[in-house]
Every structure is written in structure tokens, then in C-alpha cells.
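Presented below is the structure to which this report refers.
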Number of protein chains: 2
Amino acid sequence: MPEFLQLLPPQEALARWLSAFPHRQPSSENIESIHSLGRIIAAHITAPHPLPAFPRSTVDGYAVRAADSYGASESLPAYFTVIGEVLMGCQPEIPLGPAQAALIHTGGMLPEGADAVVMVEYTQAARENEIEVTRAVAPLENILRVGEDVDAGQVVIPAGRRLRPAEIGGLMAFGIQTVPVLCQPRIAVLSTGDEVVPPAVEPCPGQVRDINSYSLSALIEEWGAVPVRYGIIPDRAEALKSAVAAALADCDALVITAGSSASSRDITAQVIQQAGAPGVLVHGVNVRPGKPTILGVCGEKPAIGLPGNPVSALVIAWLFVPAMIAALQGMAQAPQKDHVTARLSINVASLAGREDWIPVTLHQAAGSLLAEPVFFKSNLIFNLAGADGLMLIPADANGLAAGERIQVYRLSRAP
Amino acid sequence: MPEFLQLLPPQEALARWLSAFPHRQPSSENIESIHSLGRIIAAHITAPHPLPAFPRSTVDGYAVRAADSYGASESLPAYFTVIGEVLMGCQPEIPLGPAQAALIHTGGMLPEGADAVVMVEYTQAARENEIEVTRAVAPLENILRVGEDVDAGQVVIPAGRRLRPAEIGGLMAFGIQTVPVLCQPRIAVLSTGDEVVPPAVEPCPGQVRDINSYSLSALIEEWGAVPVRYGIIPDRAEALKSAVAAALADCDALVITAGSSASSRDITAQVIQQAGAPGVLVHGVNVRPGKPTILGVCGEKPAIGLPGNPVSALVIAWLFVPAMIAALQGMAQAPQKDHVTARLSINVASLAGREDWIPVTLHQAAGSLLAEPVFFKSNLIFNLAGADGLMLIPADANGLAAGERIQVYRLSRAP
């Protein structure tokens, strides 16, 4: 299985990968609604009762029978007897009769017999307990009917929807205190490389600390899955094979970063190939950084082999892993990558036929956003840490010119 | 302090508010680096040693003294004696002499005496332990110098930077296991309204469940602060006053949702006015939904009085609270609101002079994104829960035409 026999464009590689494992929804669990932010609902939530549950005023004014106001005008007002005030949070006790009105506040419950509310602006006091109404109201005017938001039994949050602040509020509107959500996919993270040591270890000359396990875990967390770190595996096929077997038994997907040497990448490809059918699907993607990327499926579970280089690993994970996490949760669409529009500060060359992702910093200049590419001879983690985002040079371009409007994608979901 | 004497445009209201309280950085705490995703670094992080810490090869090939390759070509190769292989993760023991080469892998440590690496593609085996080099290399070619990423003592993560996956990786590159981060601002959330009951309570006719405490807490959480719920306060000035005093003593800012009635809003304004100088700064914003918004500062702590309506409350909180949270952490700029570009499906009218925010759903249609406004007579939570985002009709427009390209802003930070 030699590397780079056929370099696929990233979008084609992604599509091939996503179509090769089942988009099965993982199991679900019940959790407290107040802790469900960002989780995905596992079953339709239906309204246990209509909302609003009672007819409510949307204005401050007087509840009336609309018919009694017909024909009212500034010059010929209609007169109403005020029989009381609807207190907030209370059911009004007296039903409204003809030519009667009740003072009501926004959100107050409409008294029996009333079918509209006259805004206070179109009323004035006449005698004691009497008002003039200077503008007619139609039935249902300035009120919310029972069930106007949702009817009893209606699906209010469909299965598969991610819970946002508005949905959390909606659950509370019905007093739904616990909610069934999809379990978050567990993504195994394996680092390999004989030169790699855990961050807590002081490296000897020739050794480097493990960056990828942690940057990739953070990325996985941001996209709504649970990273499970399996540590650093030596560059021996047998060692990686047994670590991968353990990870496949416990997790829903594998993310492996190869060591930086070619032999380490070969071992990664070989182990993915042998860990379960269909094995390696893509070996080499036409993108920079990240050409040596491996995409595979091992016994229905997706696996990605990332380059060992920390910048390549993170950029490629950002390109491929969010879509994988979404697919594992049965979502039809990959989540959107947030971006801003900016002007490019200088000419940037690139190789036609290859997608290039270049870190940029963003600056305000003359009222618009300027994107300044971060150039680097090699992929060093602090070049990425210092960047505000990534710009894309599409495969069909030979580069982009200074002043062009480009999209700059945020590499992180943090605010 | 009557409502709506002067309706301020939202941006002007926000600027007035942000300039009226100190953008003091809150206290800091040390936390584990692996749990620091999304937090803000409290002090400059400097490099304890250079990175890379040793000269590394960026390719697979042979480490050489560059000068020995000068003049080499396909027709006239240079010959090198191969004295060994640099093992990954090990310091090479033999220094390189003239016309000597050592096999080296990407990421391997350069032997003493070597100053460049010849790519394996430009070499071929000659006799046993001898290679031909068919292309000259310059000094430093295909290597990473010591400190090429960062020098010892260099600031690698400046104070005030939010930690993203790349920064977490960068901390690990130095073995920095704990990190000083700003404490997250504590934001008090108070609901008021005699008609409001806790979600766990079965409401009587005339009562509604508390939505706002929970939707607003979720929003506050998404923007990196800690919501502290003070429950539902009755519509009496004294009750709200003592709850506000307790909240100000314990928290960095207040978010109060008024009940829906005018008297409840009056009480909110009155209590903010009296809770500390300068009190109410803005009372009424020229935006829909959310006109009755109150912005104030009580003894250096920002306070916002939101309309009781759950949709207005959430939209206004989304407009104002993220900038407040950022300011409380000493950030100069309000965080960006993520958006997508879409085409508007129908004509939408609006009142010139007022900013309108309208919930929309998004659909793919004929290869582009179509935004369909969600119209509603009144602001019902499930209209917002069902929407994919919000579109803006700017104050200077009388509406927008079908087919126009608009920005649709996401109301939530969840993926």
C-alpha cells in the first residue's frame, strides 16, 4: 500500500470516507435539561399542553368584547364600565358582560367573555369606573390565543436537533426537566513516534513532547465529542496494532497521529489496513499541509491517520473530524466552519491543482479587515497558535492577489 | 425615569454602556492546561527553552556537510560514506566528518558536524556504505534550526489570548501542565414577574413557567461566563432591591428580566437606578424585538434589564451580553457573531429608523442558501427555537427585497 499513488482532492476524500461507514445514531441517555446545552436531542419532544395555556394580552390596556367597540372613534368614543383589574399571575374571576372592560397588563390572562384588548393609548378615563375607547378593536386583536405558539401534541424539538439557548428555554416552558440526548461519540486519540515523550517528561536531545494528543483532544471536544487518549505508541506495528484493537473495542472512531518519519506513517497505514474491513480508503490528499493523510474504516468505525507534524495534524483534523463526528451522530450535514471576509494583504502563490490552507493574522486597516499570511518554512505549532484563522487557496488557483476578498476560517469554536 | 424618552440605536446604546464600567481583568486562577480550552490566559507565557530544542531534519534523507555536496549533479555526483543511521528520538553519537553522511528521517536530530540534509530522492546507493548525491544542498537546507519556531524567553502566548486547540498544543510542547487563566465573570440572572413560576411547578391559569433564567444562563455559558441564578423575584421594588443587592455583592454583572407588565419594567428600572451610581444609562433601544431594554451600571458593575418576553430577552441578551462579558475580562473587542450569507426568500418590510432582527430558517435551494423569515404576531419561544438564525434589517432600510443577499447570524455557539 504505497503512499501517494493517487492524491484525492480533500472534498472527494471526505465524501468517500463519509460514505464508507454507517451514520448510525449512537445510544441515548437522559440528562438534566439545564445541562443539555449543545447536545443533540435523541427523540422528538412534543408539547404536553398548548402554549400559551391560556389567552394572554400582548399589550397594556383593557380587555373587552370586541363587538362593543365597533364604530368607536375619537369623535364618537365607545363607553365601557371598568369592572376590575386582572392581576398578573391570577385567573380573573368575574366574567365580562356587554360594555364591560377589565384593566389588563401585558401577559395578563384574558377574562371569560373578553375576546380582544384595547391598548391603553386608545382609552381615557370618563367618569369613575368608566372609560372612553376611541378606536375599535377586532376580535383576537392584541391577544395571544391558546396554542398560538404550539398546540398540544405538536413536535416542538425534532430528534436530531442540537440544543441551543432557545431550545433550553422551550424545554423549561413545559417544565421538561430531563431530556433524552444522543451519547457523545468517543474518539480514540493515539500518538505514535519513537521520538515523542509525554508533556510531563523532560525530553532528551532528539526527543519532542507530545503535542498532538492534546491539541486534537481539544478540537474533538469543541466539536461535541469525547476524546479518549491512548497515549504514545512506539513505532512498531505490533504495539500500534494492539493499541488500535483496544481503542476500536472501546471507542466509536480512531484518530492516529503518525510519528514524523516515513516508516511511522507506513506502520499507521498498515495497521489501519489490517484492523478491519474495508481498511484504508484514501492514502494521500491533495492539500497542504497534510498530504500524507490516511482515511480508513475498520469494521464500520472510521479511522484517520494524521501526519505527525502538529500543524498538519491540527489543520487536517479540523478539515475532516467535525464532519466525522456529525456523521457518527446521524447528522446529514457537516457542521459549518465559521468564517469572516477579509482582504488579502499581499500576493500569495500556490501550486495549481492543490488546495492550500495558510494561517493568517487579522488586522483592522482603513475600516476593513486585512488578512496577513503567516509564512513559515516548516510547520511549527506557534505559527498556528499565533494565527487568527486559516485562508484557503483553492485547487484551481495559481495563487491569490493582494487586495482580493478572501474567507478566513476560524480554527476554533471558542468565542 | 420614564421609559422611551429617547430611543438609542443599539450600537450607540452598547458603546455608551461599555464605556461606563471599568474593563478590569478579573482575578486569575491556575488550572490544568488540558482543561483550559476556551479560557483566557492571565499572564504572558514565555518559552522556557528554544523550540525546536535541537536541529531536526524536515525530510527523509542523509545528513551531510553542505559544502561537501557543492557542484554535485546527475552527471557528476558527489560521493559520501554512510557512517550510520540517526534513530528517531535518539541523539546521534558519531560526529560527521568530511564526505560523510548519516541516514536520517523526518524529525530526526542532526548529527554534530552536519549542517544540511540531502533528500533521499537525490541520492542513490553506490557501493556498500556509500551513496551518490546528485544535487547540491545549501547550508541549513531541509533542517529546522534550534529556536526556529520560538527562542527561549520569547512570549509565545500573550496575556489576554483565548486558549484554542493550537495554544493547548503549544503549552504541551513546553510541558506546561498548569496555566494561569482569568476567572470567568459571574453573571447574576434574576427573573421577575408575579405571573412567573419555576419550571418544576405546574402553573395555575394566569401563570407561566420561567423560561428566561434558563435560556439566558445557557447563553451566558456559551460566551464563557458563569451564570448564577437568583430565581424569580416578585414584582415589588423592595424584593427586587434586596435580591439585586445580594447579586451585586457576589457577582460581576446583573442580568434582570422584567415581568411582561409595564409596572414590572418600571420596578426594574427603578431598582437599577437606585442600586449604585451612575444607575440607568439607557432606557429604551431602537430595535425590534427589545425596545424596553434598560442598560445601567451600579457601582462599577454593569446591569441589563431585559424585556420579559422570552424572544426579546434572548435576542437582546445575544446583542449585548457577549460584549459585556468580553469587556469584564479586559478584552478590547467584542467577540464576533458567526454568520452565513444567504438569499432572502421574500420581501420583508420594516420601519425605517429602527433595527429589526427577524428569525429565519435556512434551506438549500438551487445550490445556494435561502433564508425564510419566520413571521409571528408575537414573540413566542418556539418561533425562535425553530429558527436557524437571525437576519438584520438595518435602521436605514425600509425593508429588504426578495433575492437580496443577507447575513444570517447564528444565535448560538453550539456546532
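Going by the C-alpha cells order, chains are called A, B, ..., each with residues numbered from 1, while ligands are numbered from 1 in the order shown.
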Exercise for the section: Pick out the chain A residues within 6 Å of chain B. Count only C-alpha atoms. Give them as a PyMOL selection string. Expected result: chain A and resi 38+88-91+105-107+109+149+164-169+172-173+175+194-195+199-200+205-207+209+211+214-215+218-219+260-261+338+380+385+412+414
Could you save those same residues with C-alpha atoms as a PDB file, in the first residue's frame?
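Printed below is selection-v1.pdb as written:
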ATOM      1  CA  GLY A  38     -25.007  21.791  22.751  1.00  0.00           C
ATOM      2  CA  MET A  88     -50.615  39.262  36.960  1.00  0.00           C
ATOM      3  CA  GLY A  89     -50.421  35.534  37.528  1.00  0.00           C
ATOM      4  CA  CYS A  90     -54.065  35.236  38.528  1.00  0.00           C
ATOM      5  CA  GLN A  91     -57.147  33.848  36.857  1.00  0.00           C
ATOM      6  CA  HIS A 105     -51.378  44.161  31.674  1.00  0.00           C
ATOM      7  CA  THR A 106     -49.083  42.622  29.085  1.00  0.00           C
ATOM      8  CA  GLY A 107     -49.083  38.904  29.763  1.00  0.00           C
ATOM      9  CA  MET A 109     -54.957  36.337  31.426  1.00  0.00           C
ATOM     10  CA  ASP A 149     -47.157  29.209  19.869  1.00  0.00           C
ATOM     11  CA  ARG A 164     -29.275  25.900  21.903  1.00  0.00           C
ATOM     12  CA  PRO A 165     -30.296  28.505  24.477  1.00  0.00           C
ATOM     13  CA  ALA A 166     -33.709  28.938  22.789  1.00  0.00           C
ATOM     14  CA  GLU A 167     -34.438  25.203  22.946  1.00  0.00           C
ATOM     15  CA  ILE A 168     -33.384  25.053  26.596  1.00  0.00           C
ATOM     16  CA  GLY A 169     -35.878  27.855  27.227  1.00  0.00           C
ATOM     17  CA  MET A 172     -38.483  24.946  30.514  1.00  0.00           C
ATOM     18  CA  ALA A 173     -41.698  26.429  29.121  1.00  0.00           C
ATOM     19  CA  GLY A 175     -41.333  22.060  32.727  1.00  0.00           C
ATOM     20  CA  ASP A 194       9.681   6.831  18.893  1.00  0.00           C
ATOM     21  CA  GLU A 195      10.803  10.444  19.282  1.00  0.00           C
ATOM     22  CA  PRO A 199       4.479  16.516  28.036  1.00  0.00           C
ATOM     23  CA  ALA A 200       5.333  15.959  31.689  1.00  0.00           C
ATOM     24  CA  PRO A 205      18.132  15.520  22.860  1.00  0.00           C
ATOM     25  CA  GLY A 206      16.363  14.001  19.872  1.00  0.00           C
ATOM     26  CA  GLN A 207      13.011  13.720  21.682  1.00  0.00           C
ATOM     27  CA  ARG A 209       6.926  16.347  23.659  1.00  0.00           C
ATOM     28  CA  ILE A 211       1.569  17.997  21.233  1.00  0.00           C
ATOM     29  CA  TYR A 214      -3.746  17.380  23.390  1.00  0.00           C
ATOM     30  CA  SER A 215      -4.431  19.755  20.528  1.00  0.00           C
ATOM     31  CA  ALA A 218      -9.278  19.933  22.409  1.00  0.00           C
ATOM     32  CA  LEU A 219     -10.546  20.038  18.828  1.00  0.00           C
ATOM     33  CA  SER A 260       7.107  12.290  11.642  1.00  0.00           C
ATOM     34  CA  SER A 261       9.219   9.625   9.918  1.00  0.00           C
ATOM     35  CA  ASP A 338     -17.255  29.918  10.867  1.00  0.00           C
ATOM     36  CA  LEU A 380       5.696  24.969  13.701  1.00  0.00           C
ATOM     37  CA  ALA A 385      -1.101  29.394  17.776  1.00  0.00           C
ATOM     38  CA  SER A 412     -11.511  27.055  16.949  1.00  0.00           C
ATOM     39  CA  ALA A 414     -14.077  29.320  21.329  1.00  0.00           C
TER      40      ALA A 414
END
Practice task
Enumerate as a PyMOL selection string all residues of stretch 117-173 of chain B assigned to strand (DSSP E) by DSSP on the backbone, naming them with the chain letters and numbers the document uses.
Solution key: chain B and resi 117-119+123-125+130-133+143-144+155-157
Handout entry: Non-local contacts of stretch 287-297 of chain B (9 Å; only C-alpha atoms; under 2 positions in same chain excluded) as number ranges by chain
Key = B: 3-4, 7-10, 13-14, 17, 20-21, 253, 265, 268-269, 272-273, 275-285, 299-307, 309, 311-313, 315-316, 354-358, 379, 395
Exercise for the section: Determine which residues of stretch 261-394 of chain B DSSP labels as helix (DSSP H, G or I) from the backbone of this structure, then write them out as JSON, numbers by chain. Expected result: {"B": [262, 263, 264, 265, 266, 267, 268, 269, 270, 271, 272, 273, 274, 310, 311, 312, 313, 314, 315, 316, 317, 318, 319, 320, 321, 322, 323, 324, 325, 326, 327, 328, 381, 382, 383, 384, 385]}
Writing out the chosen residues with N, CA and C atoms as a JSON list (two decimals), in the first residue's frame:
[["chain", "number", "residue", "atom", "x", "y", "z"],
["B", 262, "ALA", "N", -45.95, 46.49, 32.32],
["B", 262, "ALA", "CA", -45.24, 47.77, 32.37],
["B", 262, "ALA", "C", -44.77, 48.07, 33.79],
["B", 263, "SER", "N", -45.58, 47.72, 34.78],
["B", 263, "SER", "CA", -45.18, 48.05, 36.15],
["B", 263, "SER", "C", -43.95, 47.24, 36.57],
["B", 264, "SER", "N", -43.86, 46.01, 36.07],
["B", 264, "SER", "CA", -42.68, 45.20, 36.37],
["B", 264, "SER", "C", -41.44, 45.83, 35.76],
["B", 265, "ARG", "N", -41.58, 46.35, 34.52],
["B", 265, "ARG", "CA", -40.43, 47.00, 33.88],
["B", 265, "ARG", "C", -40.03, 48.27, 34.64],
["B", 266, "ASP", "N", -41.05, 49.00, 35.12],
["B", 266, "ASP", "CA", -40.76, 50.22, 35.89],
["B", 266, "ASP", "C", -39.97, 49.90, 37.14],
["B", 267, "ILE", "N", -40.38, 48.83, 37.81],
["B", 267, "ILE", "CA", -39.68, 48.45, 39.04],
["B", 267, "ILE", "C", -38.23, 48.11, 38.73],
["B", 268, "THR", "N", -38.01, 47.38, 37.63],
["B", 268, "THR", "CA", -36.65, 47.01, 37.26],
["B", 268, "THR", "C", -35.79, 48.26, 37.05],
["B", 269, "ALA", "N", -36.31, 49.22, 36.30],
["B", 269, "ALA", "CA", -35.56, 50.46, 36.03],
["B", 269, "ALA", "C", -35.27, 51.19, 37.34],
["B", 270, "GLN", "N", -36.27, 51.25, 38.18],
["B", 270, "GLN", "CA", -36.13, 51.98, 39.44],
["B", 270, "GLN", "C", -35.06, 51.33, 40.33],
["B", 271, "VAL", "N", -35.07, 50.01, 40.38],
["B", 271, "VAL", "CA", -34.09, 49.32, 41.24],
["B", 271, "VAL", "C", -32.68, 49.46, 40.68],
["B", 272, "ILE", "N", -32.52, 49.36, 39.36],
["B", 272, "ILE", "CA", -31.18, 49.55, 38.78],
["B", 272, "ILE", "C", -30.70, 50.97, 39.05],
["B", 273, "GLN", "N", -31.62, 51.94, 38.92],
["B", 273, "GLN", "CA", -31.27, 53.34, 39.15],
["B", 273, "GLN", "C", -30.75, 53.55, 40.57],
["B", 274, "GLN", "N", -31.34, 52.83, 41.53],
["B", 274, "GLN", "CA", -31.01, 53.09, 42.94],
["B", 274, "GLN", "C", -29.92, 52.16, 43.49],
["B", 310, "PRO", "N", -39.78, 36.12, 26.25],
["B", 310, "PRO", "CA", -38.61, 35.25, 26.11],
["B", 310, "PRO", "C", -37.82, 35.46, 24.82],
["B", 311, "VAL", "N", -38.49, 35.81, 23.74],
["B", 311, "VAL", "CA", -37.77, 36.03, 22.48],
["B", 311, "VAL", "C", -36.99, 37.34, 22.56],
["B", 312, "SER", "N", -37.64, 38.40, 23.00],
["B", 312, "SER", "CA", -36.95, 39.68, 23.15],
["B", 312, "SER", "C", -35.77, 39.54, 24.10],
["B", 313, "ALA", "N", -35.99, 38.86, 25.21],
["B", 313, "ALA", "CA", -34.94, 38.72, 26.22],
["B", 313, "ALA", "C", -33.71, 38.05, 25.61],
["B", 314, "LEU", "N", -33.94, 36.97, 24.86],
["B", 314, "LEU", "CA", -32.80, 36.23, 24.32],
["B", 314, "LEU", "C", -32.11, 36.99, 23.19],
["B", 315, "VAL", "N", -32.87, 37.63, 22.33],
["B", 315, "VAL", "CA", -32.27, 38.37, 21.22],
["B", 315, "VAL", "C", -31.44, 39.54, 21.77],
["B", 316, "ILE", "N", -32.00, 40.26, 22.73],
["B", 316, "ILE", "CA", -31.27, 41.41, 23.28],
["B", 316, "ILE", "C", -30.04, 40.96, 24.08],
["B", 317, "ALA", "N", -30.19, 39.88, 24.82],
["B", 317, "ALA", "CA", -29.03, 39.35, 25.54],
["B", 317, "ALA", "C", -27.93, 38.98, 24.55],
["B", 318, "TRP", "N", -28.32, 38.37, 23.43],
["B", 318, "TRP", "CA", -27.34, 37.98, 22.40],
["B", 318, "TRP", "C", -26.65, 39.20, 21.80],
["B", 319, "LEU", "N", -27.40, 40.31, 21.68],
["B", 319, "LEU", "CA", -26.82, 41.53, 21.13],
["B", 319, "LEU", "C", -25.86, 42.21, 22.10],
["B", 320, "PHE", "N", -26.18, 42.17, 23.40],
["B", 320, "PHE", "CA", -25.44, 43.00, 24.36],
["B", 320, "PHE", "C", -24.52, 42.22, 25.31],
["B", 321, "VAL", "N", -24.93, 41.04, 25.72],
["B", 321, "VAL", "CA", -24.21, 40.36, 26.81],
["B", 321, "VAL", "C", -22.83, 39.84, 26.41],
["B", 322, "PRO", "N", -22.63, 39.27, 25.20],
["B", 322, "PRO", "CA", -21.27, 38.82, 24.86],
["B", 322, "PRO", "C", -20.23, 39.95, 24.93],
["B", 323, "ALA", "N", -20.59, 41.13, 24.48],
["B", 323, "ALA", "CA", -19.66, 42.27, 24.55],
["B", 323, "ALA", "C", -19.38, 42.64, 26.01],
["B", 324, "MET", "N", -20.41, 42.55, 26.84],
["B", 324, "MET", "CA", -20.22, 42.84, 28.27],
["B", 324, "MET", "C", -19.28, 41.83, 28.90],
["B", 325, "ILE", "N", -19.47, 40.56, 28.59],
["B", 325, "ILE", "CA", -18.61, 39.51, 29.16],
["B", 325, "ILE", "C", -17.16, 39.73, 28.72],
["B", 326, "ALA", "N", -16.97, 40.06, 27.44],
["B", 326, "ALA", "CA", -15.62, 40.31, 26.93],
["B", 326, "ALA", "C", -15.01, 41.51, 27.66],
["B", 327, "ALA", "N", -15.78, 42.58, 27.83],
["B", 327, "ALA", "CA", -15.26, 43.79, 28.49],
["B", 327, "ALA", "C", -14.86, 43.49, 29.93],
["B", 328, "LEU", "N", -15.68, 42.67, 30.60],
["B", 328, "LEU", "CA", -15.37, 42.33, 32.00],
["B", 328, "LEU", "C", -14.05, 41.58, 32.12],
["B", 381, "ILE", "N", -41.52, 31.58, 22.12],
["B", 381, "ILE", "CA", -40.20, 30.95, 22.23],
["B", 381, "ILE", "C", -39.96, 29.92, 21.15],
["B", 382, "PHE", "N", -41.01, 29.18, 20.73],
["B", 382, "PHE", "CA", -40.75, 28.13, 19.75],
["B", 382, "PHE", "C", -40.58, 28.68, 18.33],
["B", 383, "ASN", "N", -40.91, 29.92, 18.11],
["B", 383, "ASN", "CA", -40.55, 30.55, 16.85],
["B", 383, "ASN", "C", -39.04, 30.74, 16.77],
["B", 384, "LEU", "N", -38.45, 31.00, 17.91],
["B", 384, "LEU", "CA", -37.00, 31.18, 17.94],
["B", 384, "LEU", "C", -36.30, 29.83, 17.98],
["B", 385, "ALA", "N", -36.87, 28.90, 18.75],
["B", 385, "ALA", "CA", -36.27, 27.57, 18.84],
["B", 385, "ALA", "C", -36.27, 26.89, 17.47]]
Problem - Coordinates-based distance that separates atom CA of B:Gly367 from atom CA of A:Glu12 (Å, one decimal) - result: 17.9 Å
